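**Student:** File entry_20.tsv follows (TSV, C-alpha atoms):
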```
chain	number	residue	atom	x	y	z
A	11	MET	CA	0.00	0.00	0.00
A	12	ILE	CA	1.40	3.36	-1.03
A	13	GLU	CA	0.81	6.03	1.53
A	14	ALA	CA	1.88	9.62	2.12
A	15	PRO	CA	1.76	11.40	5.49
A	16	LEU	CA	-0.94	13.99	6.06
A	17	LEU	CA	-0.04	17.20	7.83
A	18	ASP	CA	-2.09	19.18	10.35
A	19	ARG	CA	-0.50	22.34	11.73
A	20	ARG	CA	-3.52	23.63	13.67
A	21	VAL	CA	-3.03	25.29	17.03
A	22	ALA	CA	-5.78	26.81	19.16
A	23	ARG	CA	-5.86	30.59	19.68
A	24	SER	CA	-7.23	31.85	22.97
A	25	GLN	CA	-7.86	35.53	22.30
A	26	LEU	CA	-8.76	37.56	19.24
A	27	PRO	CA	-8.68	41.34	18.90
A	28	GLY	CA	-11.84	43.29	18.15
A	29	PRO	CA	-12.88	43.82	14.52
A	30	LEU	CA	-11.23	47.22	14.11
A	31	THR	CA	-9.02	47.63	17.18
A	32	GLY	CA	-5.83	45.89	18.20
A	33	LEU	CA	-5.34	44.39	14.74
A	34	PRO	CA	-1.66	44.16	13.78
A	35	MET	CA	-1.05	45.59	10.32
A	36	ASP	CA	1.50	44.48	7.74
A	37	ARG	CA	2.09	41.07	9.26
A	38	GLN	CA	1.16	37.42	8.83
A	39	LEU	CA	-2.22	36.55	10.36
A	40	GLU	CA	-3.52	33.23	11.67
A	41	ASP	CA	-7.15	32.15	12.06
A	42	THR	CA	-8.74	30.51	15.12
A	43	LEU	CA	-7.14	27.17	14.18
A	44	GLY	CA	-3.66	28.60	13.68
A	45	ARG	CA	-3.82	28.63	9.87
A	46	PRO	CA	-1.95	31.51	8.19
A	47	LEU	CA	-3.37	33.62	5.39
A	48	ARG	CA	-1.10	32.97	2.41
A	49	ASP	CA	-3.27	32.54	-0.68
A	50	LEU	CA	-5.90	34.70	-2.36
A	51	ARG	CA	-8.09	33.38	-5.15
A	52	ILE	CA	-9.83	36.04	-7.19
A	53	SER	CA	-12.79	35.29	-9.44
A	54	VAL	CA	-12.81	37.95	-12.15
A	55	ILE	CA	-16.04	36.87	-13.85
A	56	ASP	CA	-18.90	34.44	-13.16
A	57	GLN	CA	-19.45	33.53	-16.83
A	58	CYS	CA	-17.95	30.55	-18.63
A	59	ASN	CA	-17.90	29.18	-22.18
A	60	PHE	CA	-18.12	25.59	-20.86
A	61	ARG	CA	-21.10	23.93	-19.20
A	62	CYS	CA	-19.34	21.20	-17.26
A	63	LYS	CA	-21.90	19.08	-15.45
A	64	TYR	CA	-20.00	19.16	-12.17
A	65	CYS	CA	-19.78	22.97	-12.19
A	66	MET	CA	-22.27	24.74	-14.46
A	67	PRO	CA	-24.82	22.20	-15.75
A	68	ARG	CA	-26.65	23.61	-18.75
A	69	GLU	CA	-30.08	22.76	-17.34
A	70	ILE	CA	-29.37	25.31	-14.58
A	71	PHE	CA	-27.02	27.74	-16.35
A	72	GLY	CA	-28.94	27.94	-19.61
A	73	ALA	CA	-29.53	30.74	-22.10
A	74	ASP	CA	-31.93	32.51	-19.72
A	75	TYR	CA	-29.59	32.44	-16.71
A	76	SER	CA	-28.83	35.91	-15.34
A	77	PHE	CA	-25.12	36.47	-14.82
A	78	LEU	CA	-23.70	39.45	-12.97
A	79	PRO	CA	-24.11	42.83	-14.72
A	80	ARG	CA	-20.84	44.53	-15.60
A	81	ASP	CA	-21.26	47.31	-13.02
A	82	GLU	CA	-21.47	44.72	-10.24
A	83	LEU	CA	-18.07	43.23	-11.11
A	84	LEU	CA	-15.11	44.61	-9.22
A	85	THR	CA	-13.06	46.92	-11.42
A	86	PHE	CA	-9.36	46.34	-12.00
A	87	ASP	CA	-8.67	49.27	-9.66
A	88	GLU	CA	-10.76	47.62	-6.94
A	89	LEU	CA	-9.17	44.22	-7.50
A	90	GLU	CA	-5.66	45.65	-7.26
A	91	ARG	CA	-6.56	47.59	-4.12
A	92	THR	CA	-8.00	44.47	-2.50
A	93	ALA	CA	-4.95	42.43	-3.49
A	94	ARG	CA	-2.65	45.01	-1.91
A	95	ALA	CA	-4.69	44.88	1.30
A	96	PHE	CA	-4.47	41.09	1.44
A	97	ILE	CA	-0.72	41.21	0.86
A	98	ARG	CA	-0.41	43.43	3.94
A	99	LEU	CA	-1.98	40.56	5.88
A	100	GLY	CA	0.47	37.95	4.63
A	101	VAL	CA	-0.78	36.79	1.22
A	102	ARG	CA	2.05	35.53	-0.98
A	103	LYS	CA	0.17	33.93	-3.86
A	104	ILE	CA	-2.72	35.20	-5.98
A	105	ARG	CA	-4.65	33.00	-8.39
A	106	LEU	CA	-7.10	34.40	-10.94
A	107	SER	CA	-10.14	32.29	-11.74
A	108	GLY	CA	-13.77	32.54	-12.80
A	109	GLY	CA	-16.04	31.30	-14.29
A	110	GLU	CA	-13.61	31.40	-17.14
A	111	PRO	CA	-11.17	34.27	-16.49
A	112	LEU	CA	-10.21	34.68	-20.15
A	113	LEU	CA	-13.73	35.92	-20.83
A	114	ARG	CA	-12.92	39.06	-18.80
A	115	LYS	CA	-12.00	41.78	-21.28
A	116	ASP	CA	-8.39	43.04	-21.15
A	117	LEU	CA	-7.46	40.56	-18.41
A	118	GLU	CA	-3.79	41.00	-19.29
A	119	HIS	CA	-3.97	44.55	-17.89
A	120	LEU	CA	-5.00	43.19	-14.50
A	121	VAL	CA	-2.26	40.56	-14.74
A	122	ALA	CA	0.32	43.30	-15.37
A	123	ARG	CA	-0.86	45.25	-12.32
A	124	LEU	CA	-0.81	42.25	-10.00
A	125	ALA	CA	2.51	40.93	-11.33
A	126	ARG	CA	4.20	44.13	-10.07
A	127	LEU	CA	3.12	43.57	-6.47
A	128	VAL	CA	5.54	42.33	-3.82
A	129	THR	CA	5.02	40.42	-0.57
A	130	LEU	CA	5.77	41.62	2.95
A	131	ALA	CA	9.20	40.01	2.52
A	132	GLY	CA	9.83	42.09	-0.61
A	133	GLU	CA	9.53	39.16	-3.02
A	134	PRO	CA	7.44	39.19	-6.22
A	135	ILE	CA	3.91	37.94	-5.66
A	136	ASP	CA	3.36	34.41	-6.98
A	137	LEU	CA	0.71	35.08	-9.64
A	138	ALA	CA	-1.20	32.23	-11.28
A	139	MET	CA	-4.40	31.59	-13.23
A	140	THR	CA	-6.86	28.72	-13.65
A	141	THR	CA	-8.54	28.35	-17.06
A	142	ASN	CA	-10.35	25.78	-19.15
A	143	GLY	CA	-7.78	26.50	-21.86
A	144	ALA	CA	-10.15	26.92	-24.80
A	145	LEU	CA	-9.18	30.58	-25.33
A	146	LEU	CA	-5.62	30.23	-24.11
A	147	ALA	CA	-3.91	29.96	-27.50
A	148	ARG	CA	-5.05	33.45	-28.51
A	149	LYS	CA	-4.18	35.03	-25.13
A	150	ALA	CA	-1.06	33.18	-23.96
A	151	HIS	CA	1.54	35.56	-25.39
A	152	VAL	CA	-0.03	38.75	-24.01
A	153	LEU	CA	-0.51	37.10	-20.62
A	154	ALA	CA	3.11	35.98	-20.53
A	155	ALA	CA	4.27	39.45	-21.56
A	156	ALA	CA	2.15	40.90	-18.73
A	157	GLY	CA	3.97	38.73	-16.19
A	158	LEU	CA	1.92	35.55	-15.81
A	159	ARG	CA	4.19	32.57	-15.07
A	160	ARG	CA	1.82	29.89	-13.77
A	161	ILE	CA	-1.31	28.38	-15.28
A	162	ASN	CA	-3.62	25.55	-14.25
A	163	VAL	CA	-5.64	24.14	-17.15
A	164	SER	CA	-8.78	22.10	-16.52
A	165	LEU	CA	-8.97	19.05	-18.79
A	166	ASP	CA	-11.12	16.06	-17.81
A	167	ALA	CA	-10.64	13.76	-20.80
A	168	LEU	CA	-8.63	13.25	-23.98
A	169	ALA	CA	-11.30	11.19	-25.75
A	170	PRO	CA	-13.33	13.71	-27.79
A	171	ALA	CA	-16.71	12.13	-27.00
A	172	THR	CA	-16.04	12.05	-23.25
A	173	PHE	CA	-14.71	15.60	-23.28
A	174	ALA	CA	-17.79	16.82	-25.17
A	175	ARG	CA	-20.15	15.01	-22.80
A	176	ILE	CA	-18.55	16.55	-19.72
A	177	ALA	CA	-17.78	20.08	-20.95
A	178	ASN	CA	-20.89	20.50	-23.12
A	179	THR	CA	-19.18	23.12	-25.29
A	180	SER	CA	-18.39	23.80	-28.93
A	181	SER	CA	-14.68	23.88	-28.08
A	182	SER	CA	-12.61	20.72	-28.55
A	183	VAL	CA	-9.85	18.81	-26.80
A	184	GLY	CA	-7.60	20.08	-29.57
A	185	ASP	CA	-8.33	23.68	-28.62
A	186	VAL	CA	-7.29	23.03	-25.03
A	187	LEU	CA	-4.12	21.13	-26.01
A	188	GLU	CA	-3.21	23.93	-28.42
A	189	GLY	CA	-3.65	26.43	-25.60
A	190	ILE	CA	-1.33	24.45	-23.35
A	191	ALA	CA	1.33	24.21	-26.07
A	192	THR	CA	1.05	27.91	-26.92
A	193	ALA	CA	1.34	28.93	-23.26
A	194	HIS	CA	4.51	26.86	-22.92
A	195	ASP	CA	5.97	28.37	-26.08
A	196	ALA	CA	5.10	31.85	-24.77
A	197	GLY	CA	7.28	31.26	-21.72
A	198	ILE	CA	4.70	30.10	-19.18
A	199	ARG	CA	6.63	27.06	-18.01
A	200	HIS	CA	4.76	26.23	-14.81
A	201	ILE	CA	1.68	24.50	-16.20
A	202	LYS	CA	-0.53	22.07	-14.28
A	203	ILE	CA	-3.36	20.05	-15.79
A	204	ASN	CA	-6.37	19.50	-13.51
A	205	MET	CA	-8.61	16.46	-14.09
A	206	VAL	CA	-11.76	16.09	-12.01
A	207	VAL	CA	-12.36	12.34	-11.80
A	208	GLN	CA	-15.91	11.00	-11.63
A	209	ARG	CA	-16.66	7.31	-11.23
A	210	GLY	CA	-18.33	5.91	-14.33
A	211	VAL	CA	-17.98	9.20	-16.23
A	212	ASN	CA	-14.30	9.70	-17.08
A	213	ASP	CA	-12.39	7.21	-14.92
A	214	ASP	CA	-11.43	5.38	-18.13
A	215	GLN	CA	-9.41	8.48	-19.05
A	216	ILE	CA	-7.04	8.29	-16.06
A	217	LEU	CA	-4.39	6.17	-17.77
A	218	PRO	CA	-4.62	7.93	-21.18
A	219	MET	CA	-4.17	11.28	-19.42
A	220	ALA	CA	-1.23	9.96	-17.40
A	221	GLN	CA	0.38	8.53	-20.53
A	222	HIS	CA	-0.14	11.74	-22.50
A	223	PHE	CA	1.45	14.08	-19.96
A	224	ARG	CA	4.26	11.79	-18.83
A	225	GLY	CA	7.57	13.06	-20.09
A	226	THR	CA	6.33	16.63	-20.45
A	227	SER	CA	7.17	19.41	-18.05
A	228	HIS	CA	3.50	19.61	-17.03
A	229	THR	CA	2.12	18.13	-13.81
A	230	LEU	CA	-1.16	16.25	-14.11
A	231	ARG	CA	-3.33	16.50	-11.00
A	232	PHE	CA	-6.28	14.23	-10.27
A	233	ILE	CA	-9.05	15.93	-8.26
A	234	GLU	CA	-11.74	14.06	-6.39
A	235	PHE	CA	-15.27	15.06	-7.40
A	236	MET	CA	-16.39	17.48	-4.67
A	237	ASP	CA	-19.78	18.65	-3.41
A	238	VAL	CA	-19.18	22.30	-4.25
A	239	GLY	CA	-22.46	24.14	-4.73
A	240	THR	CA	-25.83	22.39	-4.94
A	241	THR	CA	-26.46	21.89	-8.67
A	242	ASN	CA	-23.93	19.25	-9.74
A	243	GLY	CA	-25.72	16.10	-8.58
A	244	TRP	CA	-22.88	15.06	-6.27
A	245	THR	CA	-23.11	11.73	-4.45
A	246	THR	CA	-20.49	9.77	-2.54
A	247	HIS	CA	-20.83	6.95	-5.07
A	248	SER	CA	-19.65	9.27	-7.86
A	249	VAL	CA	-16.36	9.91	-6.01
A	250	LEU	CA	-13.40	7.79	-7.10
A	251	SER	CA	-10.90	8.16	-4.29
A	252	SER	CA	-7.40	9.43	-4.94
A	253	ASP	CA	-6.06	6.24	-3.38
A	254	ASP	CA	-7.77	4.22	-6.12
A	255	VAL	CA	-6.40	6.57	-8.79
A	256	LEU	CA	-2.93	6.20	-7.31
A	257	LYS	CA	-3.11	2.40	-7.28
A	258	LEU	CA	-4.23	2.32	-10.91
A	259	ILE	CA	-1.43	4.54	-12.17
A	260	HIS	CA	1.18	2.88	-9.95
A	261	ARG	CA	0.43	-0.52	-11.50
A	262	HIS	CA	1.31	0.82	-14.95
A	263	PHE	CA	3.82	3.56	-14.13
A	264	PRO	CA	5.51	3.02	-10.73
A	265	LEU	CA	5.52	6.05	-8.45
A	266	GLU	CA	7.13	7.29	-5.25
A	267	PRO	CA	6.00	10.08	-2.89
A	268	VAL	CA	7.47	13.58	-3.04
A	269	ALA	CA	7.55	16.00	-0.11
A	270	SER	CA	5.36	19.11	-0.32
A	271	ALA	CA	7.08	22.10	-1.90
A	272	THR	CA	5.24	24.71	0.15
A	273	PRO	CA	3.17	24.79	3.37
A	274	GLY	CA	-0.55	24.43	2.70
A	275	GLU	CA	-0.05	22.69	-0.65
A	276	VAL	CA	-3.35	21.02	-1.52
A	277	ALA	CA	-1.97	18.20	-3.67
A	278	ARG	CA	-0.12	15.13	-2.47
A	279	ARG	CA	2.75	14.76	-4.92
A	280	TRP	CA	4.10	11.58	-6.53
A	281	ARG	CA	6.86	11.17	-9.14
A	282	TYR	CA	7.45	8.46	-11.70
A	283	LEU	CA	10.35	6.20	-10.79
A	284	ASP	CA	11.63	6.39	-14.38
A	285	GLY	CA	12.03	10.18	-14.14
A	286	GLN	CA	9.16	11.05	-16.47
A	287	GLY	CA	7.66	13.72	-14.26
A	288	GLU	CA	5.10	13.70	-11.47
A	289	ILE	CA	1.40	13.72	-10.65
A	290	GLY	CA	-0.65	15.33	-7.91
A	291	LEU	CA	-3.65	14.03	-5.96
A	292	ILE	CA	-6.19	16.48	-4.53
A	293	SER	CA	-8.32	14.54	-2.08
A	294	SER	CA	-10.79	16.88	-0.41
A	295	VAL	CA	-13.26	14.05	0.21
A	296	SER	CA	-11.10	11.09	1.22
A	297	HIS	CA	-8.14	12.97	2.77
A	298	PRO	CA	-9.40	16.44	3.82
A	299	PHE	CA	-6.71	19.10	4.09
A	300	CYS	CA	-8.67	21.70	6.05
A	301	GLY	CA	-5.96	21.73	8.71
A	302	ASP	CA	-3.52	23.31	6.27
A	303	CYS	CA	-5.91	25.55	4.32
A	304	SER	CA	-4.47	29.05	3.89
A	305	ARG	CA	-6.83	30.34	1.18
A	306	ALA	CA	-9.28	33.23	1.02
A	307	ARG	CA	-11.57	33.61	-1.98
A	308	LEU	CA	-12.99	36.77	-3.55
A	309	SER	CA	-15.98	36.53	-5.88
A	310	ALA	CA	-16.26	38.66	-9.01
A	311	ASP	CA	-18.75	40.98	-7.29
A	312	GLY	CA	-16.63	41.44	-4.18
A	313	LYS	CA	-17.82	38.85	-1.67
A	314	LEU	CA	-15.14	37.35	0.59
A	315	TYR	CA	-15.33	33.62	1.32
A	316	THR	CA	-13.05	31.72	3.67
A	317	CYS	CA	-14.11	28.24	2.52
A	318	LEU	CA	-14.86	26.69	-0.87
A	319	PHE	CA	-18.00	25.15	0.64
A	320	ALA	CA	-19.35	28.33	2.25
A	321	GLU	CA	-22.99	29.37	2.18
A	322	GLN	CA	-22.44	33.12	2.39
A	323	GLY	CA	-19.66	35.68	2.09
A	324	ASP	CA	-18.73	39.09	3.44
A	325	ASP	CA	-19.46	42.15	1.32
A	326	ILE	CA	-16.11	43.75	0.48
A	327	ARG	CA	-17.35	45.73	-2.52
A	328	SER	CA	-19.38	48.09	-0.35
A	329	ILE	CA	-16.25	48.89	1.67
A	330	LEU	CA	-14.23	49.46	-1.50
A	331	ARG	CA	-16.85	51.83	-2.90
A	332	ALA	CA	-17.57	53.68	0.35
A	333	GLU	CA	-14.17	53.92	2.04
A	334	THR	CA	-11.00	55.54	0.77
A	335	ASP	CA	-9.00	54.58	3.86
A	336	ASP	CA	-7.02	51.42	3.11
A	337	GLN	CA	-6.40	50.88	6.83
A	338	ILE	CA	-10.12	50.24	7.28
A	339	LEU	CA	-10.15	47.75	4.41
A	340	VAL	CA	-7.12	45.92	5.78
A	341	ALA	CA	-8.64	45.84	9.26
A	342	ARG	CA	-11.94	44.41	8.03
A	343	LEU	CA	-10.22	41.72	5.97
A	344	GLY	CA	-7.88	40.87	8.82
A	345	ALA	CA	-10.66	40.66	11.39
A	346	ARG	CA	-12.54	38.25	9.16
A	347	TRP	CA	-9.54	35.95	8.83
A	348	LEU	CA	-8.83	36.06	12.56
A	349	SER	CA	-12.38	34.84	13.26
A	350	ARG	CA	-12.25	32.07	10.63
A	351	GLY	CA	-12.89	28.51	11.78
A	352	ASP	CA	-14.03	26.74	8.59
A	353	ARG	CA	-13.26	23.03	8.14
A	354	TYR	CA	-16.16	21.71	6.09
A	355	SER	CA	-14.37	18.76	4.46
A	356	GLU	CA	-13.46	17.37	7.86
A	357	VAL	CA	-17.04	17.53	9.15
A	358	ARG	CA	-18.86	16.87	5.84
A	359	ALA	CA	-20.62	13.77	7.16
A	360	SER	CA	-22.11	15.57	10.17
A	361	VAL	CA	-22.85	19.02	8.75
A	362	LYS	CA	-25.56	19.61	6.17
A	363	ARG	CA	-25.40	22.77	4.10
A	364	GLU	CA	-28.37	23.48	1.85
A	365	HIS	CA	-27.14	26.54	-0.06
A	366	LYS	CA	-23.41	26.19	-0.75
A	367	ILE	CA	-22.01	28.78	-3.18
A	368	GLU	CA	-21.58	27.49	-6.74
A	369	MET	CA	-18.01	26.92	-7.95
A	370	SER	CA	-18.57	29.08	-11.04
A	371	TYR	CA	-19.34	32.04	-8.76
A	372	ILE	CA	-16.59	31.64	-6.19
A	373	GLY	CA	-13.85	30.13	-8.37
A	374	GLY	CA	-12.17	26.75	-7.80
```
Could you write out this structure as C-alpha cells?
**Tutor:**
Amino acid sequence: MIEAPLLDRRVARSQLPGPLTGLPMDRQLEDTLGRPLRDLRISVIDQCNFRCKYCMPREIFGADYSFLPRDELLTFDELERTARAFIRLGVRKIRLSGGEPLLRKDLEHLVARLARLVTLAGEPIDLAMTTNGALLARKAHVLAAAGLRRINVSLDALAPATFARIANTSSSVGDVLEGIATAHDAGIRHIKINMVVQRGVNDDQILPMAQHFRGTSHTLRFIEFMDVGTTNGWTTHSVLSSDDVLKLIHRHFPLEPVASATPGEVARRWRYLDGQGEIGLISSVSHPFCGDCSRARLSADGKLYTCLFAEQGDDIRSILRAETDDQILVARLGARWLSRGDRYSEVRASVKREHKIEMSYIGG
C-alpha cells in the first residue's frame, strides 16, 4: 500500500482582537485554528464558455440564466486595491479564476498590475491563473508578456466524446491542447493540468491522461469530485478516491511520494520512478486538508469567502466603494480571517449545508 503522510499544523488561539481595534497591520495573520493567510483566489467573472456538469450544468445555467451585470463586477482598480490589502496581511500567492477568467476583457492589464506587487518580505507575488484553456492559445503571449508565469488548465478527458459530454461546449480537446502548447511556447513554463475524476464518467481516461502528460514538463493533477455548490448532482458513489487513482497509475507507471514544496499545498505529490515527471492528488473528500488551508476567496462581485464550501460571504465591494482609507479595508479583511474557523471537508458527514455557493461564482 502506497501512503503519504498527512499534515495538520492547527493550534488553538485563545484571544482575538476586536474587529477594528488591536489588529496588527502588515504582518502574517492566523485564524482561530492557527492557519496563516497565504493565498488569495480572485474570481474575475462568473461567466464561462463551458457547461461542465460538475460545475455549471446547462439545465441550470442555460440561455436565460442571469449572470452578474458589468457594473457589479469589481473593477481592475478595486481588484488591485484588495490584493494590496491582502498582501499586507500575509498573502504571498494570488490566483485568478472565474467562471472562465479569459472571458474578462483586457485581463492582461489586470495581470500586469498584480505581477508588479511584492510580498511583505519584498519578493514578487506568486501570480497564477486557472482556465479551461479553450481561449488560451489566442491570449497566452499577451498574458506571458504581462507577467503571468503559472497556469492551471482544466482538462477532464482526452477522448473527444467524453470531453464533449462533460464540458458540453463547442470547443474541442484540440483547442485546449493547443492552448497548453502555446502557453509553454510563450514562456509560461509552470503548467498544471487539472482532471476532475468521476466514477463511471471519465475514470477510463485516467491512464490515457497519465500517458499523454508523462515526459512533459506539465504536472497532471487528479481531483476528487467534490460537493461544491448544490447543482452538480454530487453523491459519494460518484467519487473515485485518490487512493484508487494512485493504485491504478502505480500498476502501470511506478511512483514514489514527493515531499510538499510549500506549506498548505493542496496536492499530495508523486513522481514516476523512471524520471518522467510527477502527478498530484487532490483529495478533499477522502483525505481532507482543512488543517492546512491558507486560502481566502474573492468573488467577481466582491464577496469574501473563507471556505470553498461556504454558504455566504462578506461584502467587500461596499467597503471598496464607500471607504478611501485602506487601513479600514485591511482591518476588516484581517478581522474576518482572525475569526475564521471553517473546516467543512473534515465535518462533511455531520454538517448539512443546503445553499453552498456554486463553484462558477466563487472560483475553484
**Student:** Rounded to one decimal place, report the atom CA of Gly351 of chain A-atom CA of Met139 of chain A distance in Å.
**Tutor:**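 Rounded to one decimal, the two atoms are 26.6 Å apart.
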**Student:** May I ask which of the residues A:Arg148, A:Arg231, A:Arg105, A:Arg160 is the closest one to Arg279 of chain A, counting only C-alpha atoms?
**Tutor:**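 Checking each of A:Arg148, A:Arg231, A:Arg105, A:Arg160 against Arg279 of chain A, counting only C-alpha atoms, the winner is A:Arg231.
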**Student:** What is the atom CA of Thr226 of chain A to atom CA of Ala122 of chain A distance in Å?
**Tutor:**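 Spanning atom CA of Thr226 of chain A to atom CA of Ala122 of chain A is a straight-line distance of 27.8 Å.
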**Student:** What is the distance between atom CA of Gln38 of chain A and atom CA of Arg94 of chain A, in Å to one decimal?
**Tutor:** 13.7 Å
**Student:** Could you build a table of the residues in segment 98-143 of chain A lying no more than 8 Å from segment 46-68 of chain A, giving for each the nearest pair of atoms and their separation in Å rounded to one decimal place, using all atoms listed in the file, ordered by chain and ascending residue number, as CSV?
**Tutor:**
```
residue,atom,partner,partner_atom,distance
A:Leu99,CA,A:Leu47,CA,7.1
A:Gly100,CA,A:Arg48,CA,5.7
A:Val101,CA,A:Arg48,CA,4.0
A:Arg102,CA,A:Arg48,CA,5.3
A:Lys103,CA,A:Asp49,CA,4.9
A:Ile104,CA,A:Leu50,CA,4.8
A:Arg105,CA,A:Arg51,CA,4.7
A:Leu106,CA,A:Ile52,CA,4.9
A:Ser107,CA,A:Ser53,CA,4.6
A:Gly108,CA,A:Ser53,CA,4.5
A:Gly109,CA,A:Asp56,CA,4.4
A:Glu110,CA,A:Cys58,CA,4.7
A:Pro111,CA,A:Val54,CA,5.9
A:Leu113,CA,A:Cys58,CA,7.2
A:Arg114,CA,A:Ile55,CA,6.2
A:Asn142,CA,A:Phe60,CA,8.0
```
**Student:** Skip segment 255-267 of chain A itself and residues of its chain fewer than 4 positions away, then list as a PyMOL selection string all residues within 6 Å of it, counting all atoms listed in the file.
**Tutor:** chain A and resi 280-283
**Student:** Please identify all polymer residues within 12 Å of His247 of chain A, counting only C-alpha atoms, omitting same-chain residues fewer than 2 positions from it, and present them as an MDAnalysis selection string.
**Tutor:** chainID A and resid 208:211 234:237 243:245 249:251 295
**Student:** So which residues touch His119 of chain A within 12 Å, counting only C-alpha atoms, skipping near sequence neighbours fewer than 2 positions away, as a list in words?
**Tutor:**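 The residues satisfying every condition are Thr85, Phe86, Asp87, Leu89, Glu90, Leu112, Arg114, Lys115, Asp116, Leu117, Val121, Ala122, Arg123, Leu124, Ala125, Arg126, Lys149, Val152, Leu153, Ala154, Ala155, Ala156, Gly157 and Leu158 of chain A.
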**Student:** Let's have the selection written as a PDB file, in the coordinates of the input, with C-alpha atoms.
**Tutor:**
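File part_7.pdb, as written:
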```
ATOM      1  CA  THR A  85     -13.060  46.920 -11.420  1.00  0.00           C
ATOM      2  CA  PHE A  86      -9.360  46.340 -12.000  1.00  0.00           C
ATOM      3  CA  ASP A  87      -8.670  49.270  -9.660  1.00  0.00           C
ATOM      4  CA  LEU A  89      -9.170  44.220  -7.500  1.00  0.00           C
ATOM      5  CA  GLU A  90      -5.660  45.650  -7.260  1.00  0.00           C
ATOM      6  CA  LEU A 112     -10.210  34.680 -20.150  1.00  0.00           C
ATOM      7  CA  ARG A 114     -12.920  39.060 -18.800  1.00  0.00           C
ATOM      8  CA  LYS A 115     -12.000  41.780 -21.280  1.00  0.00           C
ATOM      9  CA  ASP A 116      -8.390  43.040 -21.150  1.00  0.00           C
ATOM     10  CA  LEU A 117      -7.460  40.560 -18.410  1.00  0.00           C
ATOM     11  CA  VAL A 121      -2.260  40.560 -14.740  1.00  0.00           C
ATOM     12  CA  ALA A 122       0.320  43.300 -15.370  1.00  0.00           C
ATOM     13  CA  ARG A 123      -0.860  45.250 -12.320  1.00  0.00           C
ATOM     14  CA  LEU A 124      -0.810  42.250 -10.000  1.00  0.00           C
ATOM     15  CA  ALA A 125       2.510  40.930 -11.330  1.00  0.00           C
ATOM     16  CA  ARG A 126       4.200  44.130 -10.070  1.00  0.00           C
ATOM     17  CA  LYS A 149      -4.180  35.030 -25.130  1.00  0.00           C
ATOM     18  CA  VAL A 152      -0.030  38.750 -24.010  1.00  0.00           C
ATOM     19  CA  LEU A 153      -0.510  37.100 -20.620  1.00  0.00           C
ATOM     20  CA  ALA A 154       3.110  35.980 -20.530  1.00  0.00           C
ATOM     21  CA  ALA A 155       4.270  39.450 -21.560  1.00  0.00           C
ATOM     22  CA  ALA A 156       2.150  40.900 -18.730  1.00  0.00           C
ATOM     23  CA  GLY A 157       3.970  38.730 -16.190  1.00  0.00           C
ATOM     24  CA  LEU A 158       1.920  35.550 -15.810  1.00  0.00           C
TER      25      LEU A 158
END
```
**Student:** Any idea what's packed within 10 Å of Thr172 of chain A, counting all atoms listed in the file, ignoring anything in its chain fewer than 3 positions away? Could you give it as a list in words?
**Tutor:**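 The contact residues come out as Asp166, Ala167, Leu168, Ala169, Arg175, Ile176, Ala177, Asn178, Val183, Val211, Asn212, Asp214 and Gln215 of chain A.
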**Student:** So which residues touch Lys202 of chain A within 8 Å, counting all atoms listed in the file, skipping near sequence neighbours fewer than 4 positions away, as a list in words?
**Tutor:** Ile161, Asn162, Val163, His228, Thr229, Leu230 and Arg231 of chain A
**Student:** Counting all atoms listed in the file, which of A:Ala73, A:Cys317, A:Ala144, A:Ile289 gets nearest to Ile203 of chain A?
**Tutor:**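 For Ile203 of chain A, the nearest of the given residues is A:Ile289.
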**Student:** Kindly extract all protein, DNA and RNA residues lying within 6 Å of the coordinates (-8.7, 12.5, -14.9) given in the file, considering only C-alpha atoms, and supply them as number ranges by chain.
**Tutor:** A: 166, 205-207, 215-216, 232
**Student:** Taking every listed atom of segment 190-206 of chain A and adding 3 Å to each side, what centre and edge lengths in Å (one decimal) does the axis-aligned box have, as JSON?
**Tutor:**
```
{"center_x": -2.2, "center_y": 24.0, "center_z": -19.5, "size_x": 25.0, "size_y": 21.8, "size_z": 20.9}
```
**Student:** May I ask which of the residues A:Ser370, A:Lys362, A:Gly290, A:Asp253 is the closest one to Ala271 of chain A, counting all atoms listed in the file?
**Tutor:**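 Of A:Ser370, A:Lys362, A:Gly290, A:Asp253, the one nearest Ala271 of chain A, counting all atoms listed in the file, is A:Gly290.
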